[in-house]
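Peer 1: So here's upload-v4.tsv (TSV, C-alpha atoms).
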```
chain	number	residue	atom	x	y	z
A	1	MET	CA	42.13	233.65	98.40
A	2	LYS	CA	42.48	235.91	95.39
A	3	THR	CA	41.17	234.72	92.04
A	4	LYS	CA	43.63	235.30	89.20
A	5	ALA	CA	42.12	235.38	85.71
A	6	LEU	CA	43.65	235.64	82.26
A	7	TYR	CA	42.05	237.04	79.12
A	8	PRO	CA	44.34	236.03	76.25
A	9	GLY	CA	44.28	237.28	72.67
A	10	SER	CA	46.18	239.00	69.91
A	11	PHE	CA	44.35	242.33	70.39
A	12	ASP	CA	45.51	243.48	66.96
A	13	PRO	CA	43.83	245.91	67.27
A	14	LEU	CA	41.98	246.17	70.57
A	15	THR	CA	38.26	246.52	69.77
A	16	MET	CA	35.27	247.78	71.71
A	17	GLY	CA	34.17	244.14	71.99
A	18	HIS	CA	37.46	243.28	73.73
A	19	LEU	CA	37.02	246.24	76.06
A	20	ASN	CA	33.50	245.11	76.90
A	21	ILE	CA	34.75	241.67	77.94
A	22	ILE	CA	37.73	243.11	79.85
A	23	ARG	CA	35.65	245.58	81.85
A	24	ARG	CA	33.09	242.92	82.78
A	25	ALA	CA	35.74	240.33	83.69
A	26	ALA	CA	37.58	242.90	85.83
A	27	LYS	CA	34.46	243.09	88.01
A	28	LEU	CA	34.36	239.32	88.46
A	29	TYR	CA	37.96	238.57	89.45
A	30	ASP	CA	40.42	239.97	91.97
A	31	GLU	CA	43.20	240.12	89.38
A	32	LEU	CA	42.81	240.11	85.61
A	33	THR	CA	45.77	239.81	83.29
A	34	ILE	CA	45.40	240.63	79.63
A	35	GLY	CA	47.77	238.21	77.91
A	36	VAL	CA	48.87	239.47	74.52
A	37	VAL	CA	49.80	236.49	72.37
A	38	SER	CA	52.97	236.73	70.33
A	39	ASN	CA	52.37	234.70	67.19
A	40	PRO	CA	55.15	235.17	64.60
A	41	SER	CA	53.17	233.26	61.96
A	42	LYS	CA	50.45	235.97	61.93
A	43	ALA	CA	50.87	239.24	60.06
A	44	SER	CA	50.14	241.92	62.65
A	45	MET	CA	49.17	245.54	62.13
A	46	PHE	CA	50.89	246.49	65.41
A	47	THR	CA	53.99	245.12	67.09
A	48	LEU	CA	53.69	243.22	70.35
A	49	GLU	CA	55.08	246.24	72.19
A	50	GLU	CA	52.58	248.61	70.55
A	51	ARG	CA	49.66	246.34	71.43
A	52	GLU	CA	50.81	246.12	75.05
A	53	GLU	CA	51.18	249.90	75.23
A	54	MET	CA	47.73	250.50	73.70
A	55	LEU	CA	46.13	248.08	76.16
A	56	LYS	CA	47.85	249.70	79.14
A	57	ASP	CA	46.65	253.13	78.00
A	58	ALA	CA	43.08	251.94	77.44
A	59	LEU	CA	42.91	250.10	80.78
A	60	ARG	CA	44.71	252.49	83.12
A	61	ASP	CA	41.46	253.16	85.02
A	62	LEU	CA	41.15	249.50	86.06
A	63	PRO	CA	43.46	248.98	89.06
A	64	ASN	CA	43.08	245.18	89.15
A	65	VAL	CA	44.02	244.73	85.47
A	66	LYS	CA	47.54	244.30	84.16
A	67	VAL	CA	48.96	243.56	80.72
A	68	ASP	CA	51.53	240.88	79.92
A	69	HIS	CA	52.55	238.90	76.86
A	70	PHE	CA	53.42	235.32	76.07
A	71	SER	CA	54.19	232.95	73.22
A	72	GLY	CA	53.78	229.23	72.87
A	73	LEU	CA	51.04	227.16	74.44
A	74	LEU	CA	48.40	228.99	76.43
A	75	ALA	CA	48.35	226.13	78.94
A	76	ASP	CA	52.07	226.47	79.62
A	77	TYR	CA	51.66	230.17	80.39
A	78	VAL	CA	48.54	229.58	82.51
A	79	ASN	CA	50.20	226.85	84.57
A	80	ARG	CA	53.48	228.75	84.97
A	81	MET	CA	51.74	231.96	86.12
A	82	GLY	CA	49.23	230.22	88.42
A	83	PHE	CA	45.99	231.49	86.89
A	84	ASP	CA	42.70	230.11	88.22
A	85	VAL	CA	40.51	231.13	85.29
A	86	VAL	CA	40.88	231.73	81.55
A	87	VAL	CA	38.27	234.14	80.20
A	88	ARG	CA	37.11	233.84	76.60
A	89	GLY	CA	34.63	236.08	74.80
A	90	LEU	CA	31.94	234.68	72.54
A	91	ARG	CA	30.20	236.60	69.77
A	92	ALA	CA	28.27	233.91	67.89
A	93	THR	CA	27.83	230.17	67.58
A	94	THR	CA	30.83	229.95	65.27
A	95	ASP	CA	33.00	231.31	68.09
A	96	PHE	CA	31.54	228.73	70.45
A	97	GLU	CA	32.44	225.80	68.18
A	98	TYR	CA	36.07	226.89	67.98
A	99	GLU	CA	36.33	227.98	71.63
A	100	ILE	CA	34.81	224.79	73.07
A	101	GLN	CA	37.37	222.70	71.17
A	102	MET	CA	40.20	224.86	72.50
A	103	ALA	CA	38.79	224.81	76.06
A	104	GLN	CA	38.47	221.03	76.02
A	105	MET	CA	42.03	220.57	74.77
A	106	ASN	CA	43.34	223.09	77.29
A	107	ALA	CA	41.45	221.32	80.10
A	108	ARG	CA	43.75	218.35	79.45
A	109	LEU	CA	46.81	220.60	79.66
A	110	PHE	CA	45.88	223.02	82.46
A	111	ASN	CA	46.56	222.30	86.11
A	112	GLU	CA	43.41	220.63	87.40
A	113	SER	CA	42.06	223.67	89.23
A	114	VAL	CA	41.98	225.97	86.15
A	115	GLU	CA	38.60	226.74	84.60
A	116	THR	CA	37.69	228.33	81.27
A	117	VAL	CA	34.83	230.83	81.55
A	118	PHE	CA	32.94	232.17	78.53
A	119	LEU	CA	31.45	235.67	78.53
A	120	MET	CA	28.99	236.63	75.85
A	121	THR	CA	29.90	239.87	74.12
A	122	ASP	CA	27.37	242.67	74.41
A	123	PRO	CA	25.10	242.35	71.33
A	124	GLN	CA	26.13	245.79	70.05
A	125	TYR	CA	29.67	244.42	69.57
A	126	SER	CA	28.80	240.92	68.38
A	127	PHE	CA	29.81	241.59	64.77
A	128	ILE	CA	33.20	243.13	65.58
A	129	SER	CA	36.45	241.24	65.16
A	130	SER	CA	39.99	242.55	64.88
A	131	SER	CA	40.25	240.98	61.42
A	132	VAL	CA	37.12	242.71	60.13
A	133	VAL	CA	38.14	246.04	61.67
A	134	LYS	CA	41.58	245.85	60.00
A	135	GLU	CA	40.10	244.89	56.63
A	136	VAL	CA	37.46	247.64	56.65
A	137	HIS	CA	40.04	250.22	57.74
A	138	THR	CA	42.58	249.11	55.13
A	139	LEU	CA	39.95	249.42	52.41
A	140	GLY	CA	39.03	252.94	53.52
A	141	GLY	CA	35.85	252.18	55.46
A	142	CYS	CA	34.75	253.95	58.62
A	143	ILE	CA	35.52	252.12	61.87
A	144	ASP	CA	34.53	254.92	64.26
A	145	GLY	CA	33.09	253.42	67.44
A	146	LEU	CA	34.50	249.96	66.74
A	147	VAL	CA	37.86	250.63	68.39
A	148	PRO	CA	38.81	253.09	71.13
A	149	ASP	CA	39.59	256.59	69.82
A	150	GLU	CA	43.29	256.33	70.79
A	151	ILE	CA	43.64	253.16	68.73
A	152	LEU	CA	41.82	254.65	65.76
A	153	LYS	CA	44.34	257.52	65.79
A	154	ARG	CA	47.22	255.01	65.69
A	155	MET	CA	45.57	253.07	62.87
A	156	VAL	CA	45.18	256.22	60.80
A	157	LYS	CA	48.93	256.87	61.16
```
Go ahead and express the file in the form of structure tokens.
Peer 2:
Amino acid sequence: MKTKALYPGSFDPLTMGHLNIIRRAAKLYDELTIGVVSNPSKASMFTLEEREEMLKDALRDLPNVKVDHFSGLLADYVNRMGFDVVVRGLRATTDFEYEIQMAQMNARLFNESVETVFLMTDPQYSFISSSVVKEVHTLGGCIDGLVPDEILKRMVK
């Protein structure tokens, strides 16, 4: 039986921390879907289509990884698509507090066989978040090495 995993997020922009989690999760599961969340209440730097395209470009060397998008409740998407596992990345204890609440709520909404698995981000990426990267970039700071080169080029445009 193949294990189908989902790594959901806004990926606005994709960071090296995201890539670290994706590459590690791709080794653990037969199929890994990167689920780009469409959230109209959030101001995004990139459109949903741009984020999907950037992810596909960055992950083309991982044959068991695909990119999709969804809106609404994570649990509805997970149940509809038949995922076995939801992967979440953790950087610090503040992430854990938020993520454990979400995982516990989702456990009530997921089909009973779905598990949430937490992967700790590599320490070299533990301070990186999409929000911080966008803010530093917008204010003229250097974000080299925090996002893939292809994404940095798009951000500079």
Peer 1: Residues at most 10 Å from Ser10 (chain A), counting only C-alpha atoms, excluding those fewer than 4 positions away in the same chain, as a PyMOL selection string?
Peer 2: chain A and resi 14+34-39+42+44+46+48+51-52+69+130
Peer 1: Quick one: residues within 9 Å of region 121-127 of chain A, only C-alpha atoms, excluding same-chain residues fewer than 3 positions away - as a VMD selection string?
Peer 2: chain A and resid 15 to 18 20 to 21 89 to 92 132 146
Peer 1: In Å, rounded to a single decimal, give me how far CA of Phe11 (chain A) is from CA of Glu115 (chain A).
Peer 2: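 Pair CA of Glu115 (chain A) / CA of Phe11 (chain A) returns 21.9 Å.
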Peer 1: Find the residues near Ala25 (chain A): any atom within 9 Å, counting only C-alpha atoms, skip ones fewer than 6 places away on the same chain, and give them as a ChimeraX atom specification.
Peer 2: /A:5,7,32,87,119
Peer 1: Between A:Cys142, A:Ala103, A:Leu109, A:Met54, which is the closest to Tyr77 (chain A) once you count only C-alpha atoms?
Peer 2: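 Using only C-alpha atoms, Tyr77 (chain A) sits closest to A:Leu109.
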Peer 1: I want to know what sits within 12 Å of Asp30 (chain A), based on all atoms listed in the file, with residues of the same chain fewer than 6 positions away left out; could you give that as a list in words?
Peer 2: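 After dropping sequence-adjacent residues, the list is Met1, Lys2, Thr3, Lys4, Ala5, Leu6, Leu62, Pro63, Asn64, Val65, Lys66, Phe83, Asp84 and Val85 of chain A.
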Peer 1: Between A:Asp57, A:Gly72, A:Val117, A:Thr138, which has the minimum distance to Ile151 (chain A) (counting only C-alpha atoms)?
Peer 2: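 Once distances to Ile151 (chain A) are computed over only C-alpha atoms, the minimum belongs to A:Asp57.
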Peer 1: Go through A:Leu59, A:Leu152, A:Met45, A:Ala107 one by one, measure the shortest atom-to-atom distance of each to Leu74 (chain A) using only C-alpha atoms, and give the residue with the smallest value.
Peer 2: A:Ala107
Peer 1: Measure the distance from CA of Phe118 (chain A) to CA of Val86 (chain A) in Å and round it to one decimal.
Peer 2: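 Separation between CA of Phe118 (chain A) and CA of Val86 (chain A): 8.5 Å.
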